[in-house]
$ cat start_36.json   # JSON, C-alpha atoms
[["chain", "number", "residue", "atom", "x", "y", "z"],
["A", 143, "MET", "CA", -22.98, -22.82, 8.42],
["A", 144, "ASP", "CA", -22.29, -19.10, 8.83],
["A", 145, "ASN", "CA", -18.77, -19.77, 9.97],
["A", 146, "HIS", "CA", -17.85, -21.84, 6.92],
["A", 147, "PRO", "CA", -16.80, -18.94, 4.66],
["A", 148, "GLN", "CA", -14.60, -17.49, 7.37],
["A", 149, "ALA", "CA", -13.10, -20.90, 8.18],
["A", 150, "PHE", "CA", -12.46, -21.52, 4.49],
["A", 151, "LEU", "CA", -10.87, -18.07, 4.19],
["A", 152, "ARG", "CA", -8.54, -18.71, 7.13],
["A", 153, "THR", "CA", -7.55, -22.11, 5.72],
["A", 154, "ALA", "CA", -7.03, -20.72, 2.24],
["A", 155, "SER", "CA", -5.02, -17.78, 3.59],
["A", 156, "ALA", "CA", -2.78, -20.10, 5.59],
["A", 157, "GLY", "CA", -2.27, -22.28, 2.54],
["A", 158, "LEU", "CA", -1.45, -19.29, 0.35],
["A", 159, "ALA", "CA", 0.92, -17.83, 2.91],
["A", 160, "ALA", "CA", 2.82, -21.10, 3.18],
["A", 161, "SER", "CA", 2.93, -21.81, -0.55],
["A", 162, "LEU", "CA", 5.47, -19.08, -1.35],
["A", 163, "PRO", "CA", 8.14, -17.26, 0.68],
["A", 164, "PRO", "CA", 6.95, -13.93, 2.15],
["A", 165, "GLN", "CA", 9.42, -12.06, -0.08],
["A", 166, "ALA", "CA", 7.53, -13.33, -3.13],
["A", 167, "TRP", "CA", 4.23, -11.99, -1.81],
["A", 168, "PHE", "CA", 5.90, -8.66, -1.14],
["A", 169, "GLY", "CA", 7.26, -8.60, -4.69],
["A", 170, "VAL", "CA", 3.75, -8.93, -6.12],
["A", 171, "SER", "CA", 2.55, -6.18, -3.79],
["A", 172, "ALA", "CA", 5.42, -3.89, -4.80],
["A", 173, "VAL", "CA", 4.47, -4.17, -8.48],
["A", 174, "PHE", "CA", 0.77, -3.53, -8.01],
["A", 175, "HIS", "CA", 1.34, -0.81, -5.41],
["A", 176, "TYR", "CA", 2.11, 1.68, -8.20],
["A", 177, "LEU", "CA", 0.66, -0.07, -11.25],
["A", 178, "GLY", "CA", -2.90, 0.79, -10.26],
["A", 179, "PRO", "CA", -2.12, 4.44, -9.38],
["A", 180, "ALA", "CA", -0.25, 4.88, -12.69],
["A", 181, "PHE", "CA", -3.48, 4.07, -14.50],
["A", 182, "ALA", "CA", -5.55, 6.02, -11.98],
["A", 183, "VAL", "CA", -3.81, 9.23, -13.03],
["A", 184, "LEU", "CA", -5.35, 8.77, -16.46],
["A", 185, "LEU", "CA", -8.83, 8.88, -14.88],
["A", 186, "PHE", "CA", -8.33, 12.23, -13.15],
["A", 187, "ALA", "CA", -9.45, 14.10, -16.28],
["A", 188, "HIS", "CA", -12.81, 12.32, -16.22],
["A", 189, "VAL", "CA", -13.41, 11.59, -12.52],
["A", 190, "GLY", "CA", -12.34, 13.85, -9.66],
["A", 191, "VAL", "CA", -9.24, 12.90, -7.69],
["A", 192, "LEU", "CA", -11.13, 12.13, -4.50],
["A", 193, "GLY", "CA", -13.74, 10.31, -6.57],
["A", 194, "VAL", "CA", -11.08, 7.98, -7.95],
["A", 195, "ALA", "CA", -9.72, 7.47, -4.43],
["A", 196, "TRP", "CA", -13.16, 6.55, -3.07],
["A", 197, "LEU", "CA", -13.92, 4.23, -6.00],
["A", 198, "ARG", "CA", -10.62, 2.47, -5.33],
["A", 199, "ILE", "CA", -11.50, 1.93, -1.67],
["A", 200, "ALA", "CA", -15.14, 1.03, -2.36],
["A", 201, "THR", "CA", -14.15, -1.53, -5.00],
["A", 202, "ALA", "CA", -11.82, -3.25, -2.55],
["A", 203, "ALA", "CA", -14.49, -3.22, 0.15],
["A", 204, "LEU", "CA", -17.01, -4.83, -2.23],
["A", 205, "VAL", "CA", -14.52, -7.50, -3.28],
["A", 206, "PHE", "CA", -13.72, -8.41, 0.32],
["A", 207, "ALA", "CA", -17.30, -8.25, 1.63],
["A", 208, "PRO", "CA", -18.63, -11.65, 0.38],
["A", 209, "LEU", "CA", -15.58, -13.49, 1.72],
["A", 210, "THR", "CA", -14.90, -11.69, 4.97],
["A", 211, "ARG", "CA", -18.42, -10.56, 5.95],
["A", 212, "PRO", "CA", -17.05, -7.47, 7.73],
["A", 213, "TRP", "CA", -20.29, -6.71, 9.59],
["A", 214, "ARG", "CA", -20.08, -10.05, 11.41],
["A", 215, "GLY", "CA", -16.36, -9.86, 11.99],
["A", 216, "PHE", "CA", -16.76, -6.43, 13.57],
["A", 217, "ALA", "CA", -19.71, -7.51, 15.71],
["A", 218, "ARG", "CA", -17.83, -10.53, 17.09],
["A", 219, "ALA", "CA", -14.55, -8.72, 17.77],
["A", 220, "ASP", "CA", -13.64, -7.57, 21.26],
["A", 221, "ARG", "CA", -13.30, -3.89, 22.08],
["A", 222, "ARG", "CA", -9.53, -3.72, 21.52],
["A", 223, "THR", "CA", -9.76, -5.44, 18.14],
["A", 224, "ARG", "CA", -12.60, -3.17, 17.06],
["A", 225, "LEU", "CA", -10.52, -0.11, 17.93],
["A", 226, "LEU", "CA", -7.59, -1.52, 15.97],
["A", 227, "LEU", "CA", -9.75, -2.20, 12.89],
["A", 228, "ILE", "CA", -11.42, 1.23, 13.01],
["A", 229, "THR", "CA", -8.03, 2.94, 13.34],
["A", 230, "PHE", "CA", -6.63, 0.87, 10.48],
["A", 231, "GLY", "CA", -9.66, 1.68, 8.32],
["A", 232, "LEU", "CA", -9.38, 5.42, 8.99],
["A", 233, "CYS", "CA", -5.67, 5.24, 8.18],
["A", 234, "LEU", "CA", -6.43, 3.53, 4.86],
["A", 235, "ALA", "CA", -9.08, 6.12, 3.97],
["A", 236, "VAL", "CA", -6.98, 9.22, 4.64],
["A", 237, "MET", "CA", -3.80, 7.62, 3.23],
["A", 238, "ASN", "CA", -5.44, 6.77, -0.09],
["A", 239, "CYS", "CA", -7.01, 10.22, -0.43],
["A", 240, "ALA", "CA", -3.72, 11.96, 0.39],
["A", 241, "PHE", "CA", -1.86, 9.68, -2.04],
["A", 242, "TYR", "CA", -4.09, 10.61, -4.98],
["A", 243, "LEU", "CA", -4.13, 14.31, -4.06],
["A", 244, "ALA", "CA", -0.30, 14.16, -4.15],
["A", 245, "LEU", "CA", -0.27, 12.28, -7.48],
["A", 246, "ASP", "CA", -2.50, 14.96, -8.98],
["A", 247, "ARG", "CA", 0.22, 17.54, -8.26],
["A", 248, "LEU", "CA", 3.57, 15.71, -8.21],
["A", 249, "PRO", "CA", 5.37, 13.06, -10.30],
["A", 250, "LEU", "CA", 4.81, 9.45, -9.26],
["A", 251, "SER", "CA", 8.54, 8.97, -8.62],
["A", 252, "LEU", "CA", 8.70, 11.87, -6.18],
["A", 253, "VAL", "CA", 5.62, 10.69, -4.27],
["A", 254, "ALA", "CA", 7.19, 7.22, -4.09],
["A", 255, "ALA", "CA", 10.42, 8.63, -2.67],
["A", 256, "ILE", "CA", 8.61, 10.63, 0.00],
["A", 257, "GLU", "CA", 6.45, 7.61, 0.83],
["A", 258, "PHE", "CA", 9.56, 5.54, 1.50],
["A", 259, "VAL", "CA", 11.29, 8.11, 3.72],
["A", 260, "GLY", "CA", 8.82, 7.55, 6.55],
["A", 261, "THR", "CA", 9.51, 3.82, 6.65],
["A", 262, "ILE", "CA", 13.18, 4.41, 7.47],
["A", 263, "GLY", "CA", 12.29, 5.00, 11.12],
["A", 264, "VAL", "CA", 10.37, 1.72, 11.26],
["A", 265, "ALA", "CA", 13.37, -0.12, 9.83],
["A", 266, "LEU", "CA", 15.73, 1.60, 12.27],
["A", 267, "ALA", "CA", 13.57, 0.49, 15.19],
["A", 268, "GLY", "CA", 14.21, -3.15, 14.26],
["A", 269, "LEU", "CA", 17.94, -3.00, 13.60],
["A", 270, "ARG", "CA", 19.89, -5.67, 15.47],
["A", 271, "SER", "CA", 23.28, -5.71, 13.74],
["A", 272, "LEU", "CA", 25.84, -3.63, 11.87],
["A", 273, "ARG", "CA", 25.00, -5.67, 8.79],
["A", 274, "ASN", "CA", 21.40, -4.48, 8.88],
["A", 275, "LEU", "CA", 22.50, -0.89, 9.49],
["A", 276, "ALA", "CA", 24.77, -1.11, 6.45],
["A", 277, "ALA", "CA", 21.93, -2.63, 4.44],
["A", 278, "LEU", "CA", 19.65, 0.24, 5.38],
["A", 279, "VAL", "CA", 22.29, 2.85, 4.48],
["A", 280, "ILE", "CA", 22.86, 1.21, 1.10],
["A", 281, "ALA", "CA", 19.12, 1.00, 0.36],
["A", 282, "VAL", "CA", 18.50, 4.62, 1.37],
["A", 283, "SER", "CA", 21.48, 5.82, -0.68],
["A", 284, "GLY", "CA", 20.13, 3.97, -3.68],
["A", 285, "THR", "CA", 16.70, 5.51, -3.20],
["A", 286, "PHE", "CA", 18.03, 9.05, -3.22],
["A", 287, "MET", "CA", 20.16, 8.29, -6.28],
["A", 288, "LEU", "CA", 17.17, 6.76, -7.98],
["A", 289, "ILE", "CA", 14.78, 9.60, -7.28],
["A", 290, "ASP", "CA", 15.58, 13.21, -8.04],
["A", 291, "VAL", "CA", 13.97, 14.61, -4.90],
["A", 292, "ARG", "CA", 13.44, 18.28, -5.61],
["A", 293, "TRP", "CA", 11.41, 20.91, -3.85],
["A", 294, "LEU", "CA", 8.72, 21.99, -6.28],
["A", 295, "ALA", "CA", 6.74, 25.17, -6.16],
["A", 296, "ASP", "CA", 3.70, 23.24, -4.94],
["A", 297, "PRO", "CA", 3.46, 23.27, -1.15],
["A", 298, "SER", "CA", 0.02, 21.66, -1.18],
["A", 299, "GLY", "CA", 1.31, 18.74, -3.24],
["A", 300, "LEU", "CA", 4.22, 18.26, -0.87],
["A", 301, "PHE", "CA", 1.88, 18.44, 2.11],
["A", 302, "TRP", "CA", -0.27, 15.62, 0.74],
["A", 303, "ALA", "CA", 2.81, 13.59, -0.19],
["A", 304, "PHE", "CA", 4.31, 13.84, 3.28],
["A", 305, "LEU", "CA", 0.94, 13.14, 4.91],
["A", 306, "ASN", "CA", 0.67, 10.02, 2.76],
["A", 307, "GLY", "CA", 4.20, 9.03, 3.79],
["A", 308, "ALA", "CA", 3.40, 9.45, 7.47],
["A", 309, "LEU", "CA", 0.20, 7.44, 7.16],
["A", 310, "PHE", "CA", 2.06, 4.75, 5.22],
["A", 311, "VAL", "CA", 4.12, 4.19, 8.36],
["A", 312, "GLY", "CA", 0.83, 3.77, 10.21],
["A", 313, "TYR", "CA", -0.26, 1.29, 7.55],
["A", 314, "VAL", "CA", 2.88, -0.80, 8.15],
["A", 315, "VAL", "CA", 2.57, -0.73, 11.95],
["A", 316, "LEU", "CA", -1.20, -1.29, 12.10],
["A", 317, "GLY", "CA", -1.13, -3.77, 9.24],
["A", 318, "HIS", "CA", 1.28, -5.97, 11.15],
["A", 319, "ARG", "CA", -1.01, -5.94, 14.18],
["A", 320, "VAL", "CA", -4.01, -6.82, 12.04],
["A", 321, "SER", "CA", -2.12, -9.65, 10.31],
["A", 322, "ARG", "CA", -1.20, -11.26, 13.64],
["A", 323, "THR", "CA", -4.03, -10.40, 16.01],
["A", 324, "ALA", "CA", -7.14, -9.61, 13.93],
["A", 325, "GLY", "CA", -7.33, -12.44, 11.42],
["A", 326, "GLY", "CA", -5.20, -11.00, 8.63],
["A", 327, "ILE", "CA", -7.33, -10.81, 5.48],
["A", 328, "GLN", "CA", -10.47, -11.16, 7.61],
["A", 329, "GLY", "CA", -9.49, -8.04, 9.53],
["A", 330, "LEU", "CA", -8.47, -6.29, 6.31],
["A", 331, "GLY", "CA", -12.00, -6.77, 4.99],
["A", 332, "VAL", "CA", -13.44, -5.07, 8.07],
["A", 333, "ALA", "CA", -10.94, -2.21, 7.87],
["A", 334, "MET", "CA", -11.62, -1.68, 4.16],
["A", 335, "ALA", "CA", -15.36, -1.40, 4.85],
["A", 336, "VAL", "CA", -14.59, 1.21, 7.53],
["A", 337, "ALA", "CA", -12.37, 3.06, 5.03],
["A", 338, "ALA", "CA", -15.09, 3.08, 2.36],
["A", 339, "LEU", "CA", -17.59, 4.59, 4.81],
["A", 340, "ALA", "CA", -15.07, 7.13, 6.10],
["A", 341, "ALA", "CA", -14.14, 8.35, 2.59],
["A", 342, "LEU", "CA", -17.73, 8.38, 1.32],
["A", 343, "PRO", "CA", -18.56, 12.02, 2.26],
["A", 344, "VAL", "CA", -15.54, 13.47, 0.43],
["A", 345, "GLY", "CA", -15.49, 11.09, -2.54],
["A", 346, "ILE", "CA", -19.02, 10.24, -3.61],
["A", 347, "GLY", "CA", -19.72, 13.62, -5.23],
["A", 348, "GLN", "CA", -16.69, 13.44, -7.50],
["A", 349, "ALA", "CA", -17.31, 9.76, -8.23],
["A", 350, "LEU", "CA", -20.81, 10.33, -9.69],
["A", 351, "PRO", "CA", -19.62, 10.78, -13.34],
["A", 352, "ALA", "CA", -18.23, 7.23, -13.28],
["A", 353, "PHE", "CA", -21.67, 5.79, -12.48],
["A", 354, "ALA", "CA", -23.01, 7.34, -15.69],
["A", 355, "SER", "CA", -20.26, 5.77, -17.81],
["A", 356, "PRO", "CA", -19.78, 1.97, -17.65],
["A", 357, "PRO", "CA", -16.25, 2.16, -19.19],
["A", 358, "LEU", "CA", -15.16, 4.69, -16.57],
["A", 359, "LEU", "CA", -16.70, 2.64, -13.79],
["A", 360, "ALA", "CA", -14.99, -0.52, -15.06],
["A", 361, "ALA", "CA", -11.67, 1.32, -15.28],
["A", 362, "ALA", "CA", -12.07, 2.67, -11.73],
["A", 363, "ALA", "CA", -12.94, -0.82, -10.47],
["A", 364, "GLY", "CA", -9.82, -2.17, -12.18],
["A", 365, "VAL", "CA", -7.73, 0.48, -10.46],
["A", 366, "GLY", "CA", -9.26, -0.52, -7.13],
["A", 367, "ILE", "CA", -8.45, -4.20, -7.62],
["A", 368, "CYS", "CA", -4.89, -3.46, -8.76],
["A", 369, "SER", "CA", -4.27, -0.85, -6.06],
["A", 370, "SER", "CA", -6.07, -2.08, -2.95],
["A", 371, "VAL", "CA", -7.06, -5.73, -3.33],
["A", 372, "VAL", "CA", -3.97, -7.41, -4.78],
["A", 373, "PRO", "CA", -1.25, -5.43, -2.90],
["A", 374, "TYR", "CA", -3.06, -5.32, 0.45],
["A", 375, "VAL", "CA", -3.78, -9.06, 0.42],
["A", 376, "CYS", "CA", -0.17, -9.79, -0.54],
["A", 377, "ASP", "CA", 1.03, -7.43, 2.20],
["A", 378, "GLN", "CA", -1.01, -9.34, 4.78],
["A", 379, "LEU", "CA", 0.46, -12.65, 3.58],
["A", 380, "ALA", "CA", 3.97, -11.18, 3.79],
["A", 381, "MET", "CA", 3.43, -9.37, 7.11],
["A", 382, "ALA", "CA", 2.23, -12.56, 8.77],
["A", 383, "ARG", "CA", 5.71, -14.08, 8.33],
["A", 384, "LEU", "CA", 8.10, -11.11, 8.15],
["A", 385, "PRO", "CA", 9.28, -9.05, 11.14],
["A", 386, "ARG", "CA", 8.06, -5.48, 10.91],
["A", 387, "ALA", "CA", 11.57, -4.05, 10.50],
["A", 388, "SER", "CA", 12.32, -6.46, 7.66],
["A", 389, "PHE", "CA", 9.09, -5.53, 5.90],
["A", 390, "ALA", "CA", 9.89, -1.83, 6.36],
["A", 391, "LEU", "CA", 13.33, -2.23, 4.79],
["A", 392, "MET", "CA", 11.91, -4.16, 1.85],
["A", 393, "LEU", "CA", 9.67, -1.17, 1.21],
["A", 394, "SER", "CA", 12.78, 0.45, -0.26],
["A", 395, "LEU", "CA", 11.84, -1.55, -3.36],
["A", 396, "LEU", "CA", 8.86, 0.75, -3.90],
["A", 397, "PRO", "CA", 10.82, 3.57, -5.59],
["A", 398, "LEU", "CA", 12.37, 0.87, -7.77],
["A", 399, "THR", "CA", 9.00, -0.48, -8.86],
["A", 400, "ALA", "CA", 7.70, 3.06, -9.38],
["A", 401, "THR", "CA", 10.61, 3.70, -11.76],
["A", 402, "LEU", "CA", 10.10, 0.42, -13.64],
["A", 403, "ILE", "CA", 6.37, 1.06, -13.98],
["A", 404, "GLY", "CA", 7.23, 4.53, -15.25],
["A", 405, "ILE", "CA", 9.28, 2.87, -17.99],
["A", 406, "VAL", "CA", 6.51, 0.49, -19.01],
["A", 407, "VAL", "CA", 3.45, 2.70, -18.59],
["A", 408, "LEU", "CA", 4.84, 6.21, -19.04],
["A", 409, "ARG", "CA", 7.84, 5.43, -21.30],
["A", 410, "GLN", "CA", 10.30, 7.08, -18.90],
["A", 411, "VAL", "CA", 13.75, 5.49, -19.46],
["A", 412, "PRO", "CA", 16.10, 5.76, -16.44],
["A", 413, "SER", "CA", 19.49, 7.42, -16.69],
["A", 414, "LEU", "CA", 22.79, 5.81, -15.70],
["A", 415, "GLY", "CA", 22.44, 7.34, -12.23],
["A", 416, "ASP", "CA", 18.96, 5.85, -11.91],
["A", 417, "THR", "CA", 20.32, 2.44, -12.87],
["A", 418, "CYS", "CA", 23.01, 2.69, -10.19],
["A", 419, "GLY", "CA", 20.35, 3.65, -7.66],
["A", 420, "ILE", "CA", 18.28, 0.61, -8.57],
["A", 421, "ALA", "CA", 21.33, -1.62, -8.08],
["A", 422, "LEU", "CA", 22.00, -0.14, -4.62],
["A", 423, "VAL", "CA", 18.38, -0.58, -3.51],
["A", 424, "VAL", "CA", 18.35, -4.22, -4.58],
["A", 425, "ALA", "CA", 21.73, -4.81, -2.90],
["A", 426, "GLY", "CA", 20.52, -3.30, 0.37],
["A", 427, "VAL", "CA", 17.40, -5.43, 0.45],
["A", 428, "ALA", "CA", 19.38, -8.57, -0.42],
["A", 429, "MET", "CA", 21.96, -7.80, 2.27],
["A", 430, "HIS", "CA", 19.42, -7.34, 5.08],
["A", 431, "LYS", "CA", 19.10, -10.24, 7.50],
["A", 432, "PRO", "CA", 15.79, -10.46, 9.37],
["A", 433, "PRO", "CA", 16.12, -10.87, 13.14],
["A", 434, "PRO", "CA", 14.91, -14.20, 14.56],
["A", 435, "GLU", "CA", 11.25, -14.25, 15.61]]
$ encode --input "start_36.json" --output "structure tokens"
Amino acid sequence: MDNHPQAFLRTASAGLAASLPPQAWFGVSAVFHYLGPAFAVLLFAHVGVLGVAWLRIATAALVFAPLTRPWRGFARADRRTRLLLITFGLCLAVMNCAFYLALDRLPLSLVAAIEFVGTIGVALAGLRSLRNLAALVIAVSGTFMLIDVRWLADPSGLFWAFLNGALFVGYVVLGHRVSRTAGGIQGLGVAMAVAALAALPVGIGQALPAFASPPLLAAAAGVGICSSVVPYVCDQLAMARLPRASFALMLSLLPLTATLIGIVVLRQVPSLGDTCGIALVVAGVAMHKPPPE
């Protein structure tokens, strides 16, 4: 009986993964990747930055817990899988904290640009043709046209942004391993529980005001679902069927989605140069041909 939820989850995950192409799952992830953080910024005035980050992680861990039963998954895993899940969880914890610390100091578009830069190396590692090299060059060119990357007088903000970018590479690499060797969403549930425990000491103090205000707590929970549940699940469904290099190149869509969300949420209309950058990013992603598995 105890295995039924996990068996149902694996069956449901396989059915979901097969129901749509992996690019579609990535598209959903790309939208929610910045939609949640855009709303999270609005909470910084009421809940501390690290408090919002921890509430995001804790919400995701609570959503996954009934389905994945992380305590059992961790107990039954072998030593290598446990190490992978712990490392992935620690990566998620520090990455999310660094991301919000950067957002508190820098524009969302700049953080998105820096976050993408680190994935270029992952994409380069999987190149197999001149066509894919050209696709990467086009996508990168579009990104730097799209985002006005400028050095601001905020070294701490840039530090957190680059740390987040470096850890995002770790998220891509470790996430692929989890999707293919640690049960995908099952492993994600374990890693998210590890992340919630790891971020607890630095986040719980700043998160306390939310527990005294149901609207704030509900808003923080909504941010967690939009930021960590929906995109991470969709990433796992996409990673299970996309080569790592292909997934890394498709991450060039993230500055695009950050700009579009800026239009909708923050009323920031792109210039002609931004529009050209968007077109180049989309063209590069469309041009890329994944290598055969």
$ closest_atom_pairs --input "start_36.json" --of "region 152-200 of chain A" --to "region 234-255 of chain A" --cutoff "8 Å" --atoms "only C-alpha atoms" --output "Markdown table"
| residue | atom | partner | partner_atom | distance |
| --- | --- | --- | --- | --- |
| A:Pro179 | CA | A:Tyr242 | CA | 7.8 |
| A:Ala180 | CA | A:Leu250 | CA | 7.6 |
| A:Val183 | CA | A:Asp246 | CA | 7.1 |
| A:Phe186 | CA | A:Asp246 | CA | 7.7 |
| A:Val191 | CA | A:Tyr242 | CA | 6.3 |
| A:Leu192 | CA | A:Cys239 | CA | 6.1 |
| A:Ala195 | CA | A:Cys239 | CA | 5.6 |
| A:Trp196 | CA | A:Cys239 | CA | 7.6 |
| A:Ile199 | CA | A:Ala235 | CA | 7.4 |
$ atom_distance --input "start_36.json" --atom1 "CA of Val314 (chain A)" --atom2 "CA of Gly326 (chain A)"
13.0 Å
$ atom_distance --input "start_36.json" --atom1 "CA of Leu350 (chain A)" --atom2 "CA of Ile367 (chain A)"
19.2 Å
$ atom_distance --input "start_36.json" --atom1 "CA of Met334 (chain A)" --atom2 "CA of Leu266 (chain A)"
28.7 Å
$ closest_atom_pairs --input "start_36.json" --of "region 293-400 of chain A" --to "region 217-228 of chain A" --cutoff "9 Å" --atoms "all atoms listed in the file" --output "JSON lines"
{"residue": "A:Leu316", "atom": "CA", "partner": "A:Leu226", "partner_atom": "CA", "distance": 7.5}
{"residue": "A:Arg319", "atom": "CA", "partner": "A:Leu226", "partner_atom": "CA", "distance": 8.1}
{"residue": "A:Val320", "atom": "CA", "partner": "A:Leu227", "partner_atom": "CA", "distance": 7.4}
{"residue": "A:Thr323", "atom": "CA", "partner": "A:Thr223", "partner_atom": "CA", "distance": 7.9}
{"residue": "A:Ala324", "atom": "CA", "partner": "A:Thr223", "partner_atom": "CA", "distance": 6.5}
{"residue": "A:Gly329", "atom": "CA", "partner": "A:Leu227", "partner_atom": "CA", "distance": 6.7}
{"residue": "A:Leu330", "atom": "CA", "partner": "A:Leu227", "partner_atom": "CA", "distance": 7.9}
{"residue": "A:Val332", "atom": "CA", "partner": "A:Leu227", "partner_atom": "CA", "distance": 6.7}
{"residue": "A:Ala333", "atom": "CA", "partner": "A:Leu227", "partner_atom": "CA", "distance": 5.2}
{"residue": "A:Met334", "atom": "CA", "partner": "A:Leu227", "partner_atom": "CA", "distance": 8.9}
{"residue": "A:Val336", "atom": "CA", "partner": "A:Ile228", "partner_atom": "CA", "distance": 6.3}
{"residue": "A:Ala337", "atom": "CA", "partner": "A:Ile228", "partner_atom": "CA", "distance": 8.2}
$ write_last_selection --input "start_36.json" --atoms "C-alpha atoms" --output "short mmCIF file (atom, residue, chain, number, x, y, z; two decimals), keeping the file's coordinate frame"
data_model
loop_
_atom_site.label_atom_id
_atom_site.label_comp_id
_atom_site.auth_asym_id
_atom_site.auth_seq_id
_atom_site.Cartn_x
_atom_site.Cartn_y
_atom_site.Cartn_z
CA LEU A 316 -1.20 -1.29 12.10
CA ARG A 319 -1.01 -5.94 14.18
CA VAL A 320 -4.01 -6.82 12.04
CA THR A 323 -4.03 -10.40 16.01
CA ALA A 324 -7.14 -9.61 13.93
CA GLY A 329 -9.49 -8.04 9.53
CA LEU A 330 -8.47 -6.29 6.31
CA VAL A 332 -13.44 -5.07 8.07
CA ALA A 333 -10.94 -2.21 7.87
CA MET A 334 -11.62 -1.68 4.16
CA VAL A 336 -14.59 1.21 7.53
CA ALA A 337 -12.37 3.06 5.03
#
$ closest_residue --input "start_36.json" --among "A:Met429, A:Ala187, A:Ile256, A:Val372" --to "Phe310 (chain A)" --atoms "all atoms listed in the file"
A:Ile256
$ residues_around --input "start_36.json" --residues "Leu177 (chain A)" --least-positions-apart "4" --cutoff "10 Å" --atoms "all atoms listed in the file" --output "count of residues only"
15
$ residues_around --input "start_36.json" --residues "Glu257 (chain A)" --least-positions-apart "3" --cutoff "8 Å" --atoms "all atoms listed in the file" --output "MDAnalysis selection string"
chainID A and resid 253:254 260:261 303:304 306:308 310
$ write_last_selection --input "start_36.json" --atoms "C-alpha atoms" --output "short mmCIF file (atom, residue, chain, number, x, y, z; two decimals), keeping the file's coordinate frame"
data_model
loop_
_atom_site.label_atom_id
_atom_site.label_comp_id
_atom_site.auth_asym_id
_atom_site.auth_seq_id
_atom_site.Cartn_x
_atom_site.Cartn_y
_atom_site.Cartn_z
CA VAL A 253 5.62 10.69 -4.27
CA ALA A 254 7.19 7.22 -4.09
CA GLY A 260 8.82 7.55 6.55
CA THR A 261 9.51 3.82 6.65
CA ALA A 303 2.81 13.59 -0.19
CA PHE A 304 4.31 13.84 3.28
CA ASN A 306 0.67 10.02 2.76
CA GLY A 307 4.20 9.03 3.79
CA ALA A 308 3.40 9.45 7.47
CA PHE A 310 2.06 4.75 5.22
#
$ closest_residue --input "start_36.json" --among "A:Pro397, A:Pro208, A:Gly317, A:Gly193" --to "Ala281 (chain A)" --atoms "all atoms listed in the file"
A:Pro397
$ closest_residue --input "start_36.json" --among "A:Val424, A:Ala276, A:Ala382, A:Val205" --to "Pro164 (chain A)" --atoms "all atoms listed in the file"
A:Ala382
$ residues_around --input "start_36.json" --residues "Ala203 (chain A)" --least-positions-apart "2" --cutoff "7 Å" --atoms "only C-alpha atoms" --output "list in words"
Ile199, Ala200, Thr201, Val205, Phe206, Ala207, Gly331, Met334, Ala335 and Ala338 of chain A
